[in-house]
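A.B. asks: This is the content of data-v7.cif (mmCIF, C-alpha atoms and all ligand atoms):
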```cif
data_run
loop_
_atom_site.label_atom_id
_atom_site.label_comp_id
_atom_site.auth_asym_id
_atom_site.auth_seq_id
_atom_site.Cartn_x
_atom_site.Cartn_y
_atom_site.Cartn_z
CA MET A 12 40.39 -243.96 172.37
CA ARG A 13 42.80 -241.08 171.88
CA LEU A 14 41.71 -237.84 170.28
CA SER A 15 44.79 -237.93 168.08
CA ASP A 16 43.33 -241.11 166.54
CA ALA A 17 40.31 -239.16 165.30
CA HIS A 18 40.93 -237.94 161.76
CA SER A 19 37.47 -236.88 160.61
CA ALA A 20 33.96 -236.01 161.75
CA GLY A 21 33.07 -239.66 161.07
CA ASP A 22 35.74 -240.79 163.54
CA MET A 23 34.40 -238.35 166.14
CA ARG A 24 30.93 -239.80 165.66
CA ARG A 25 32.28 -243.32 166.32
CA PHE A 26 34.14 -242.08 169.40
CA ALA A 27 30.98 -240.38 170.69
CA ARG A 28 28.98 -243.55 170.16
CA ARG A 29 31.45 -245.46 172.34
CA ARG A 30 31.51 -242.81 175.05
CA LEU A 31 27.81 -241.95 175.38
CA PRO A 32 24.92 -244.12 176.56
CA ARG A 33 22.94 -245.13 173.50
CA ALA A 34 19.94 -242.97 174.40
CA VAL A 35 22.13 -239.89 174.78
CA PHE A 36 24.01 -240.56 171.55
CA ASP A 37 20.67 -240.80 169.76
CA VAL A 38 19.54 -237.42 171.13
CA ILE A 39 22.48 -235.87 169.27
CA ASP A 40 22.58 -238.12 166.22
CA ALA A 41 18.93 -238.64 165.31
CA GLY A 42 16.83 -237.07 162.60
CA ALA A 43 13.06 -236.85 162.36
CA GLY A 44 10.73 -239.50 160.93
CA ASP A 45 12.39 -241.92 158.54
CA GLU A 46 15.52 -239.75 158.61
CA LEU A 47 15.18 -239.09 154.87
CA THR A 48 16.35 -235.49 155.13
CA LEU A 49 19.20 -236.52 157.42
CA ARG A 50 20.37 -238.90 154.66
CA TRP A 51 19.73 -236.50 151.78
CA ASN A 52 21.87 -233.84 153.47
CA ARG A 53 24.85 -236.13 152.94
CA GLU A 54 23.84 -237.68 149.63
CA SER A 55 23.40 -234.30 147.99
CA PHE A 56 26.86 -233.11 149.04
CA ASP A 57 28.34 -236.40 147.86
CA ARG A 58 26.74 -236.11 144.41
CA ILE A 59 28.49 -232.82 143.64
CA SER A 60 31.95 -233.07 142.13
CA LEU A 61 34.63 -230.41 141.93
CA ARG A 62 36.63 -229.05 138.97
CA PRO A 63 40.11 -228.24 140.22
CA ARG A 64 41.97 -225.35 138.57
CA ALA A 65 45.32 -226.11 137.03
CA LEU A 66 48.62 -224.22 137.28
CA VAL A 67 47.86 -222.42 140.54
CA ASP A 68 50.55 -221.79 143.14
CA VAL A 69 48.96 -222.87 146.43
CA LYS A 70 52.00 -222.44 148.66
CA LYS A 71 49.92 -219.96 150.66
CA VAL A 72 46.21 -220.53 151.24
CA ASP A 73 44.26 -217.93 153.17
CA THR A 74 41.07 -219.22 154.84
CA THR A 75 40.13 -215.98 156.58
CA THR A 76 36.84 -214.27 155.85
CA THR A 77 34.12 -212.26 157.58
CA ILE A 78 30.69 -213.18 158.89
CA LEU A 79 28.39 -210.14 158.98
CA GLY A 80 31.40 -207.97 159.72
CA ASP A 81 33.08 -210.26 162.25
CA PRO A 82 36.50 -211.38 161.03
CA VAL A 83 36.93 -215.17 161.32
CA SER A 84 39.82 -217.52 160.61
CA MET A 85 37.78 -219.79 158.32
CA PRO A 86 34.40 -219.87 156.54
CA MET A 87 33.02 -222.31 159.09
CA MET A 88 31.34 -221.58 162.43
CA LEU A 89 29.69 -223.65 165.14
CA ALA A 90 25.92 -224.04 164.89
CA PRO A 91 23.63 -223.50 167.84
CA CYS A 92 23.12 -226.93 169.45
CA SER A 93 21.31 -227.57 172.69
CA PHE A 94 22.24 -230.58 174.86
CA ALA A 95 25.96 -229.77 175.17
CA ARG A 96 25.70 -230.57 178.90
CA MET A 97 24.67 -234.12 177.93
CA CYS A 98 27.86 -234.54 175.93
CA SER A 99 30.20 -233.13 178.57
CA SER A 100 29.92 -231.23 181.82
CA ALA A 101 32.22 -228.62 180.26
CA ALA A 102 29.20 -227.75 178.08
CA GLU A 103 28.70 -224.47 176.20
CA PRO A 104 31.49 -222.48 177.89
CA ALA A 105 33.98 -225.06 176.57
CA VAL A 106 32.56 -224.77 173.06
CA ALA A 107 32.82 -220.98 173.25
CA ARG A 108 36.46 -221.18 174.38
CA ALA A 109 37.36 -223.68 171.64
CA ALA A 110 35.70 -221.57 168.94
CA GLY A 111 37.52 -218.47 170.19
CA ARG A 112 40.88 -220.26 170.23
CA ALA A 113 40.33 -221.30 166.62
CA GLY A 114 39.33 -217.77 165.68
CA THR A 115 35.85 -218.70 164.62
CA LEU A 116 32.28 -217.91 165.64
CA TYR A 117 29.94 -219.81 167.95
CA ALA A 118 26.19 -219.43 167.75
CA VAL A 119 25.07 -219.92 171.35
CA PRO A 120 21.82 -221.93 171.35
CA GLY A 121 18.58 -220.58 172.75
CA GLY A 122 18.32 -223.90 174.56
CA SER A 123 21.74 -223.46 176.11
CA GLY A 124 22.04 -225.25 179.43
CA GLU A 125 24.36 -222.54 180.68
CA ARG A 126 23.12 -218.98 180.93
CA PRO A 127 24.02 -216.90 177.83
CA GLU A 128 25.82 -214.30 179.93
CA ILE A 129 28.07 -217.01 181.44
CA VAL A 130 28.84 -218.42 177.98
CA ALA A 131 29.69 -214.91 176.77
CA GLN A 132 32.19 -214.53 179.63
CA SER A 133 34.02 -217.65 178.43
CA ALA A 134 34.19 -216.52 174.82
CA THR A 135 37.09 -214.80 173.17
CA GLY A 136 35.72 -214.96 169.64
CA PRO A 137 32.56 -213.54 168.05
CA LEU A 138 29.21 -214.98 169.12
CA TRP A 139 25.69 -215.10 167.81
CA TYR A 140 22.78 -215.58 170.14
CA GLN A 141 20.22 -217.96 168.66
CA LEU A 142 16.73 -217.07 169.76
CA TYR A 143 13.69 -219.29 170.15
CA MET A 144 10.88 -216.78 170.47
CA LYS A 145 8.54 -217.30 173.39
CA PRO A 146 4.77 -216.67 173.34
CA ASP A 147 5.15 -214.34 176.35
CA HIS A 148 6.12 -210.95 174.94
CA GLN A 149 7.63 -209.72 178.21
CA ALA A 150 9.83 -212.83 178.37
CA ASN A 151 11.24 -211.97 174.92
CA VAL A 152 11.88 -208.39 175.99
CA GLU A 153 13.75 -209.53 179.11
CA LEU A 154 15.75 -212.13 177.21
CA LEU A 155 16.85 -209.60 174.60
CA ASP A 156 17.84 -207.18 177.38
CA THR A 157 19.93 -209.91 178.99
CA ILE A 158 21.77 -210.93 175.85
CA GLU A 159 22.35 -207.32 174.85
CA ARG A 160 23.86 -206.61 178.27
CA ALA A 161 25.99 -209.75 177.91
CA GLY A 162 27.55 -208.20 174.79
CA TYR A 163 26.06 -210.28 171.98
CA ARG A 164 26.15 -208.36 168.71
CA THR A 165 24.28 -210.64 166.32
CA LEU A 166 20.87 -212.15 166.88
CA CYS A 167 19.87 -215.30 165.00
CA VAL A 168 16.21 -216.22 165.20
CA THR A 169 15.29 -219.81 164.39
CA ILE A 170 12.06 -220.03 162.42
CA ASP A 171 11.81 -223.75 161.63
CA THR A 172 10.79 -225.00 165.07
CA ALA A 173 7.27 -223.74 165.64
CA ILE A 174 6.32 -226.94 167.44
CA LYS A 175 8.12 -229.40 169.68
CA PRO A 176 10.38 -231.67 167.61
CA TYR A 177 9.42 -235.35 167.39
CA ARG A 178 12.13 -237.96 166.95
CA GLU A 179 11.32 -241.65 167.04
CA ARG A 180 14.74 -242.75 168.24
CA ASP A 181 14.10 -240.72 171.39
CA LEU A 182 10.65 -242.28 171.77
CA HIS A 183 12.08 -245.80 171.44
CA ASN A 184 14.70 -244.89 174.02
CA LYS A 185 11.92 -243.49 176.21
CA ILE A 186 13.55 -240.08 176.15
CA SER A 187 11.08 -237.25 176.05
CA LEU A 188 11.82 -233.61 175.45
CA PRO A 189 12.98 -231.86 177.47
CA VAL A 190 15.43 -234.55 178.54
CA THR A 191 15.68 -234.61 182.33
CA PRO A 192 18.07 -236.57 184.54
CA SER A 193 15.99 -239.65 185.39
CA PRO A 194 16.69 -243.02 187.02
CA ARG A 195 16.31 -244.58 183.57
CA LEU A 196 18.92 -242.29 182.08
CA LEU A 197 21.23 -242.91 185.02
CA LEU A 198 20.71 -246.67 184.60
CA ALA A 199 21.65 -246.32 180.93
CA GLY A 200 24.74 -244.52 182.16
CA LEU A 201 25.94 -247.63 184.02
CA SER A 202 27.09 -248.96 180.67
CA ARG A 203 29.19 -245.83 180.23
CA PRO A 204 30.89 -245.18 183.60
CA LEU A 205 33.19 -242.40 182.34
CA TRP A 206 30.26 -240.48 180.94
CA SER A 207 28.20 -241.09 184.10
CA LYS A 208 30.97 -239.84 186.39
CA ASP A 209 31.33 -236.68 184.33
CA PHE A 210 27.57 -236.22 184.07
CA LEU A 211 26.98 -236.64 187.80
CA LEU A 212 30.07 -235.11 189.33
CA GLY A 213 31.07 -232.62 186.69
CA ASN A 214 34.53 -231.28 186.20
CA SER A 215 36.93 -229.18 188.19
CA ALA A 216 35.19 -226.03 187.01
CA GLY A 217 32.53 -226.89 189.57
CA PHE A 218 29.73 -228.32 187.46
CA ASP A 219 27.62 -230.85 189.30
CA LEU A 220 24.25 -232.51 189.18
CA MET A 221 22.60 -229.26 190.18
CA ALA A 222 24.26 -227.65 187.18
CA ALA A 223 22.88 -230.45 185.04
CA ARG A 224 19.43 -229.82 186.48
CA ARG A 225 19.72 -226.12 185.84
CA ALA A 226 20.85 -226.90 182.31
CA TYR A 227 17.71 -228.92 181.70
CA ASN A 228 15.51 -226.29 183.23
CA ASN A 229 17.01 -223.65 180.96
CA PHE A 230 16.58 -225.92 177.98
CA ALA A 231 13.03 -226.84 178.94
CA ASP A 232 12.15 -223.20 179.29
CA ALA A 233 13.37 -222.47 175.76
CA ILE A 234 12.02 -225.49 173.94
CA MET A 235 8.70 -225.98 175.73
CA HIS A 236 7.58 -222.41 175.18
CA ILE A 237 8.18 -221.74 171.53
CA LYS A 238 5.91 -220.05 169.05
CA SER A 239 5.54 -219.57 165.32
CA VAL A 240 7.69 -216.74 164.05
CA THR A 241 5.85 -214.59 161.53
CA ALA A 242 6.71 -211.40 159.66
CA GLU A 243 5.27 -209.47 162.60
CA GLU A 244 7.84 -210.93 165.00
CA ILE A 245 10.66 -210.25 162.54
CA SER A 246 9.59 -206.60 162.30
CA TRP A 247 9.45 -206.36 166.08
CA LEU A 248 12.90 -207.93 166.41
CA ARG A 249 14.26 -205.58 163.75
CA ASP A 250 13.03 -202.56 165.73
CA ARG A 251 14.28 -203.93 169.01
CA TRP A 252 17.72 -205.33 167.98
CA LYS A 253 20.29 -202.86 166.75
CA GLY A 254 22.96 -205.37 165.63
CA PRO A 255 22.82 -207.77 162.68
CA LEU A 256 19.70 -209.95 162.48
CA VAL A 257 19.83 -213.46 161.04
CA ILE A 258 16.98 -215.86 160.19
CA LYS A 259 17.79 -219.57 160.52
CA GLY A 260 15.73 -222.22 158.77
CA VAL A 261 15.07 -220.87 155.27
CA LEU A 262 14.58 -223.34 152.38
CA ARG A 263 12.78 -221.30 149.70
CA GLY A 264 14.15 -218.52 147.55
CA GLU A 265 10.98 -216.59 146.84
CA GLU A 266 10.53 -215.65 150.51
CA VAL A 267 13.95 -214.10 150.79
CA PRO A 268 13.39 -210.62 149.24
CA ARG A 269 10.59 -209.97 151.71
CA MET A 270 12.78 -211.06 154.64
CA ILE A 271 15.46 -208.68 153.48
CA ASP A 272 12.89 -205.90 153.11
CA LEU A 273 11.96 -206.54 156.74
CA GLY A 274 15.57 -205.76 157.64
CA VAL A 275 17.19 -209.18 157.88
CA ASP A 276 20.97 -209.14 157.34
CA GLY A 277 21.69 -212.86 157.17
CA ILE A 278 19.87 -216.02 156.07
CA VAL A 279 20.80 -219.51 157.24
CA VAL A 280 19.70 -222.14 154.74
CA SER A 281 19.00 -224.95 157.18
CA ASN A 282 16.73 -227.95 157.67
CA HIS A 283 17.84 -228.18 161.30
CA GLY A 284 20.15 -231.06 160.45
CA GLY A 285 17.18 -233.18 159.34
CA ARG A 286 15.76 -233.02 162.85
CA ASN A 287 12.42 -231.29 162.24
CA LEU A 288 10.58 -231.76 158.91
CA ASP A 289 11.45 -235.12 157.40
CA GLY A 290 11.16 -234.67 153.65
CA ALA A 291 12.62 -231.17 153.67
CA PRO A 292 15.20 -230.83 150.89
CA ALA A 293 18.93 -231.12 151.40
CA THR A 294 20.18 -227.61 152.01
CA ILE A 295 22.88 -227.73 149.34
CA ASP A 296 20.11 -228.42 146.79
CA VAL A 297 18.30 -225.14 147.55
CA LEU A 298 21.30 -222.95 148.36
CA ALA A 299 21.73 -221.50 144.86
CA GLU A 300 18.05 -220.56 144.73
CA VAL A 301 18.30 -218.66 148.03
CA VAL A 302 21.57 -216.98 147.06
CA GLU A 303 20.03 -215.83 143.80
CA ALA A 304 16.99 -214.44 145.63
CA ALA A 305 19.17 -212.64 148.18
CA ALA A 306 20.90 -210.91 145.26
CA GLY A 307 23.81 -209.74 147.42
CA ARG A 308 21.50 -207.85 149.82
CA ALA A 309 22.06 -210.32 152.69
CA GLU A 310 24.75 -212.84 153.55
CA VAL A 311 23.67 -216.42 153.04
CA PHE A 312 24.93 -219.24 155.24
CA LEU A 313 24.30 -222.98 155.08
CA ASP A 314 24.18 -225.83 157.54
CA SER A 315 22.94 -229.43 157.69
CA GLY A 316 25.24 -232.25 156.70
CA VAL A 317 28.56 -230.40 156.46
CA ARG A 318 31.19 -232.97 157.43
CA ARG A 319 34.19 -232.28 155.19
CA GLY A 320 36.37 -229.43 154.01
CA THR A 321 35.22 -230.24 150.49
CA ASP A 322 31.61 -229.67 151.62
CA VAL A 323 32.63 -226.19 152.74
CA VAL A 324 34.19 -225.49 149.34
CA LYS A 325 31.04 -226.78 147.58
CA ALA A 326 28.77 -224.55 149.68
CA LEU A 327 30.93 -221.48 149.13
CA ALA A 328 31.17 -222.21 145.41
CA LEU A 329 27.36 -222.20 145.29
CA GLY A 330 27.24 -218.82 147.00
CA ALA A 331 27.34 -219.31 150.76
CA GLN A 332 29.35 -216.79 152.76
CA ALA A 333 30.17 -219.47 155.35
CA VAL A 334 28.80 -222.74 156.74
CA LEU A 335 27.81 -223.93 160.20
CA VAL A 336 28.54 -227.37 161.61
CA GLY A 337 26.43 -228.92 164.35
CA ARG A 338 26.84 -232.58 165.18
CA PRO A 339 30.59 -232.83 164.41
CA TYR A 340 31.56 -230.58 167.32
CA MET A 341 28.90 -232.14 169.56
CA TYR A 342 30.33 -235.62 168.89
CA ALA A 343 33.77 -234.16 169.62
CA LEU A 344 32.57 -232.59 172.87
CA ALA A 345 31.30 -236.01 173.90
CA ALA A 346 34.47 -237.77 172.78
CA GLY A 347 36.96 -235.46 174.45
CA GLY A 348 35.38 -232.40 176.07
CA GLU A 349 36.92 -229.07 175.22
CA ARG A 350 40.04 -230.68 173.68
CA GLY A 351 37.75 -232.74 171.51
CA VAL A 352 36.14 -229.60 170.11
CA ASP A 353 39.63 -228.12 169.53
CA ARG A 354 40.58 -231.25 167.62
CA MET A 355 37.40 -231.30 165.51
CA ILE A 356 37.77 -227.67 164.47
CA GLU A 357 41.44 -228.23 163.66
CA LEU A 358 40.61 -231.28 161.52
CA LEU A 359 37.95 -229.38 159.59
CA ARG A 360 40.20 -226.35 159.17
CA ASN A 361 42.96 -228.58 157.77
CA GLU A 362 40.44 -230.18 155.43
CA ILE A 363 39.34 -226.74 154.22
CA ILE A 364 42.97 -225.80 153.56
CA ARG A 365 43.58 -229.08 151.73
CA ALA A 366 40.39 -228.76 149.68
CA MET A 367 41.24 -225.17 148.73
CA SER A 368 44.79 -226.19 147.81
CA PHE A 369 43.64 -229.07 145.63
CA VAL A 370 40.97 -227.05 143.81
CA GLY A 371 43.43 -224.20 143.30
CA ALA A 372 41.80 -221.48 145.39
CA THR A 373 44.30 -219.49 147.45
CA SER A 374 41.66 -217.36 149.17
CA VAL A 375 37.99 -217.64 150.06
CA ALA A 376 37.22 -215.05 147.37
CA GLU A 377 38.66 -217.41 144.74
CA ILE A 378 36.07 -220.10 145.57
CA ASP A 379 33.47 -219.60 142.85
CA ALA A 380 30.89 -221.50 140.80
CA SER A 381 33.53 -222.52 138.23
CA LEU A 382 34.80 -225.06 140.79
CA ILE A 383 31.57 -227.06 140.57
CA ASN A 384 31.08 -229.67 137.89
CA PRO A 385 27.87 -228.34 136.26
CA GLY A 386 26.29 -231.72 135.61
CA THR A 387 26.56 -232.61 139.27
CA ALA A 388 25.21 -229.42 140.84
CA PRO A 389 21.54 -229.31 141.77
CA SER A 390 19.44 -227.70 139.07
CA ARG A 391 17.54 -224.64 140.14
CA VAL A 392 13.91 -225.41 140.89
CA ASP A 393 11.39 -222.88 139.62
CA PRO A 394 9.11 -222.30 142.60
CA GLY A 395 6.35 -220.80 140.44
CA THR A 396 3.80 -218.51 142.01
CA ASP A 397 2.81 -219.37 145.52
CA PRO A 398 -0.75 -218.30 146.39
CA ALA A 399 0.13 -218.21 150.11
CA LEU A 400 2.80 -215.68 149.34
CA ALA A 401 0.48 -213.50 147.31
CA SER A 402 -1.67 -213.01 150.42
CA VAL A 403 1.17 -211.86 152.68
CA HIS A 404 2.57 -209.27 150.32
C1 LIG B 501 21.84 -231.98 169.32
C2 LIG B 501 21.38 -230.81 168.51
C3 LIG B 501 20.76 -229.74 169.13
C4 LIG B 501 20.33 -228.64 168.37
N1 LIG B 501 19.77 -227.57 169.02
C5 LIG B 501 19.42 -226.47 168.28
C6 LIG B 501 18.93 -225.31 168.93
O1 LIG B 501 18.80 -225.23 170.14
N2 LIG B 501 18.61 -224.24 168.13
C7 LIG B 501 18.74 -224.26 166.77
O2 LIG B 501 18.44 -223.28 166.09
N3 LIG B 501 19.23 -225.36 166.15
C8 LIG B 501 19.58 -226.44 166.87
N4 LIG B 501 20.09 -227.54 166.23
C9 LIG B 501 20.31 -227.49 164.77
C10 LIG B 501 21.69 -226.94 164.47
O3 LIG B 501 21.79 -225.58 164.77
C11 LIG B 501 22.05 -227.10 163.00
O4 LIG B 501 21.02 -226.53 162.21
C12 LIG B 501 22.26 -228.55 162.59
O5 LIG B 501 22.87 -229.28 163.62
C13 LIG B 501 23.13 -228.59 161.36
O6 LIG B 501 23.24 -229.87 160.89
P1 LIG B 501 24.46 -230.88 161.21
O7 LIG B 501 24.25 -231.36 162.61
O8 LIG B 501 24.27 -231.94 160.19
O9 LIG B 501 25.76 -230.10 161.05
C14 LIG B 501 20.52 -228.64 166.97
C15 LIG B 501 21.15 -229.73 166.35
C16 LIG B 501 21.59 -230.79 167.11
C17 LIG B 501 22.29 -231.92 166.41
#
```
Before anything else, please render the file you have as structure tokens.

C.D. replies:
Amino acid sequence: MRLSDAHSAGDMRRFARRRLPRAVFDVIDAGAGDELTLRWNRESFDRISLRPRALVDVKKVDTTTTILGDPVSMPMMLAPCSFARMCSSAAEPAVARAAGRAGTLYAVPGGSGERPEIVAQSATGPLWYQLYMKPDHQANVELLDTIERAGYRTLCVTIDTAIKPYRERDLHNKISLPVTPSPRLLLAGLSRPLWSKDFLLGNSAGFDLMAARRAYNNFADAIMHIKSVTAEEISWLRDRWKGPLVIKGVLRGEEVPRMIDLGVDGIVVSNHGGRNLDGAPATIDVLAEVVEAAAGRAEVFLDSGVRRGTDVVKALALGAQAVLVGRPYMYALAAGGERGVDRMIELLRNEIIRAMSFVGATSVAEIDASLINPGTAPSRVDPGTDPALASVH
């Protein structure tokens, strides 16, 4: 299993499946419920076809763009994903280094196993800090102080995880959240000795079982103490956080103007990779609606199901400023540690360049709605008047 033999996110997934104990692979791979949304995320991308422009000189293709003012080498960043320490002992610092090397942005997860200030020290590129708000107000204050001191500029608050996620694959595997190192997990690891050695002994950077324990404690602290995020919390965050503020987990257009009025700078259209509400729509199907509602007053990003350079072009053509990928780099981290993440980003970047070349877009600005075959794009759903919304205005 050589990294150079991986040529796509699908290959990385197969490599990860071979490397990880089944229960650990499922923690990364699974969706909620019947995994409808997980499937729709892909099916909806696959339904859209592209209309390549003719007679364009694509000798030079420029993938650079900006994300809320941060210059990046491509319109793709790394989504906040907990559990990196389960994929590789190199964990979040390795992801931060790989993102920086590629010139792109990493959204450090609120459930990061490694402390956010340590991850920031490893980073050379721009970072977001993804926040899971805690019920304890003082804990939020202290956390924001810490991440501000660590140098994070952009805060991304996830709003789609008000309760503990529930995934049946984990239940069948007898994995409960938060995942803790247990004899059962270690037993499962016997089938994957390379993974077990790395998990238990860590790497030369000095990670060890205690680091794994600390990772789970950090994760547990974030995920076990979450609360509903309401307009009140967004207002508080807006007052408290001076840098750009992003909301992650938006799937309805009509809510967006109010979010922007509250001072939000960025919106991530996300269904959490199909991991929370099964039955939530594919994000690419609601993107245009959110972009229209944002009306250029906030940058709109998309994640959930992005696996190909052509997916990136489709999302940008429908109005996204950039996309985030989650599982692809997590599979890659499992398959080959830090080098795996390097390889995955490089593969996706090459796919973006190829997709842009073939559609005849020599810069990100040239990716527009004319590249989408109209009959294949999702039709805009009219949300009508929502009584719940009338009461909050
Ligand atoms: C293993 C895993 C852990 C995740 N942890 C978080 C998290 O801590 N915070 C968060 O906002 N989203 C989390 N997500 C969701 C991702 O940020 C992102 O929305 C999703 O992975 C995008 O879909 P994709 O995996 O199909 O690319 C996680 C996703 C995965 C797969």

A.B. asks: Which residue, A:Asp353, A:Phe56, A:Ser19, A:Ala304, has the smallest gap to A:Pro389 when you use all atoms listed in the file?

C.D. replies: A:Phe56

A.B. asks: Residues contacting ligand LIG 501 (chain B) - anything with an atom at most 6 Å away, using all atoms listed in the file - can you give me those as a PDB file with C-alpha atoms, in the coordinates of the input?

C.D. replies:
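Written output follows (out.pdb):
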```pdb
ATOM      1  CA  ILE A  39      22.480-235.870 169.270  1.00  0.00           C
ATOM      2  CA  ALA A  90      25.920-224.040 164.890  1.00  0.00           C
ATOM      3  CA  PRO A  91      23.630-223.500 167.840  1.00  0.00           C
ATOM      4  CA  CYS A  92      23.120-226.930 169.450  1.00  0.00           C
ATOM      5  CA  SER A  93      21.310-227.570 172.690  1.00  0.00           C
ATOM      6  CA  PHE A  94      22.240-230.580 174.860  1.00  0.00           C
ATOM      7  CA  PRO A 120      21.820-221.930 171.350  1.00  0.00           C
ATOM      8  CA  GLY A 121      18.580-220.580 172.750  1.00  0.00           C
ATOM      9  CA  GLY A 122      18.320-223.900 174.560  1.00  0.00           C
ATOM     10  CA  THR A 169      15.290-219.810 164.390  1.00  0.00           C
ATOM     11  CA  SER A 281      19.000-224.950 157.180  1.00  0.00           C
ATOM     12  CA  HIS A 283      17.840-228.180 161.300  1.00  0.00           C
ATOM     13  CA  GLY A 284      20.150-231.060 160.450  1.00  0.00           C
ATOM     14  CA  ASP A 314      24.180-225.830 157.540  1.00  0.00           C
ATOM     15  CA  SER A 315      22.940-229.430 157.690  1.00  0.00           C
ATOM     16  CA  GLY A 316      25.240-232.250 156.700  1.00  0.00           C
ATOM     17  CA  VAL A 317      28.560-230.400 156.460  1.00  0.00           C
ATOM     18  CA  VAL A 336      28.540-227.370 161.610  1.00  0.00           C
ATOM     19  CA  GLY A 337      26.430-228.920 164.350  1.00  0.00           C
ATOM     20  CA  ARG A 338      26.840-232.580 165.180  1.00  0.00           C
TER      21      ARG A 338
END
```

A.B. asks: Quick check, in Å to one decimal: how far apart do atom CA of A:Leu198 and atom CA of A:Ile186 lie?

C.D. replies: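 Those two atoms sit 12.9 Å apart.
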
A.B. asks: Pick from A:Pro104, A:Pro292, A:Pro127, A:Pro82: nearest to A:Arg53, with only C-alpha atoms counted?

C.D. replies: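 Using only C-alpha atoms, A:Arg53 sits closest to A:Pro292.
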
A.B. asks: Name the residues within 10 Å of (25.1, -219.2, 147.2), counting all atoms listed in the file in the file's coordinates, and put them as a list of chain:residue names.

C.D. replies: A:Val280, A:Ile295, A:Val297, A:Leu298, A:Ala299, A:Glu300, A:Val301, A:Val302, A:Glu303, A:Ala304, A:Ala305, A:Ala306, A:Gly307, A:Glu310, A:Val311, A:Phe312, A:Leu313, A:Lys325, A:Ala326, A:Leu327, A:Ala328, A:Leu329, A:Gly330, A:Ala331, A:Gln332, A:Ala333, A:Asp379, A:Ala380

A.B. asks: Which one of A:Leu273, A:Ala309, A:Ile363, A:Met97 sits closest to A:Asp322 if you count all atoms listed in the file?

C.D. replies: A:Ile363

A.B. asks: For atom CA of A:Ala345 and atom CA of A:Ala27, quote the distance in Å rounded to one decimal.

C.D. replies: 5.4 Å

A.B. asks: Work out how far atom CA of A:Leu201 is from atom CA of A:Tyr340, in Å to one decimal.

C.D. replies: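 Taking atom CA of A:Tyr340 as the start and atom CA of A:Leu201 as the end point, the length is 24.5 Å.
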
A.B. asks: Residues near A:Ile129, anyone? I mean within 12 Å using only C-alpha atoms, not counting same-chain ones fewer than 2 positions away, as a list in words.

C.D. replies: Ala102, Glu103, Pro104, Ala105, Ala107, Arg108, Val119, Ser123, Gly124, Glu125, Arg126, Pro127, Ala131, Gln132, Ser133, Ala134, Thr157, Ile158, Arg160, Ala161, Gly162 and Tyr163 of chain A

A.B. asks: Got a sec to check which residues sit within 12 Å of (13.4, -204.1, 153.3), counting only C-alpha atoms, and write them as a PyMOL selection string?

C.D. replies: chain A and resi 242+245-246+249+267-276+305+308-309

A.B. asks: Measuring atom to atom with all atoms listed in the file, identify which of A:Ala95, A:Met144, A:Leu344, A:Ala233 is nearest to A:Ala20.

C.D. replies: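 Comparing A:Ala95, A:Met144, A:Leu344, A:Ala233 against A:Ala20, the winner is A:Leu344.
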
A.B. asks: Just the residues within 7 Å of A:Arg319, please, counting all atoms listed in the file, with nothing from its chain fewer than 3 positions along; format it as a PyMOL selection string.

C.D. replies: chain A and resi 322-323+359+362

A.B. asks: Nearest to A:Ala101 among A:Val130, A:Ser84, A:Leu196, A:Pro146, with distances taken over all atoms listed in the file: which residue is it?

C.D. replies: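 Smallest distance to A:Ala101 is found for A:Val130.
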
A.B. asks: For A:Arg360, which residue among A:Leu14, A:Ile258, A:Ile59, A:Asp73 is the nearest when counting only C-alpha atoms?

C.D. replies: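 The answer is A:Asp73, which sits nearest to A:Arg360.
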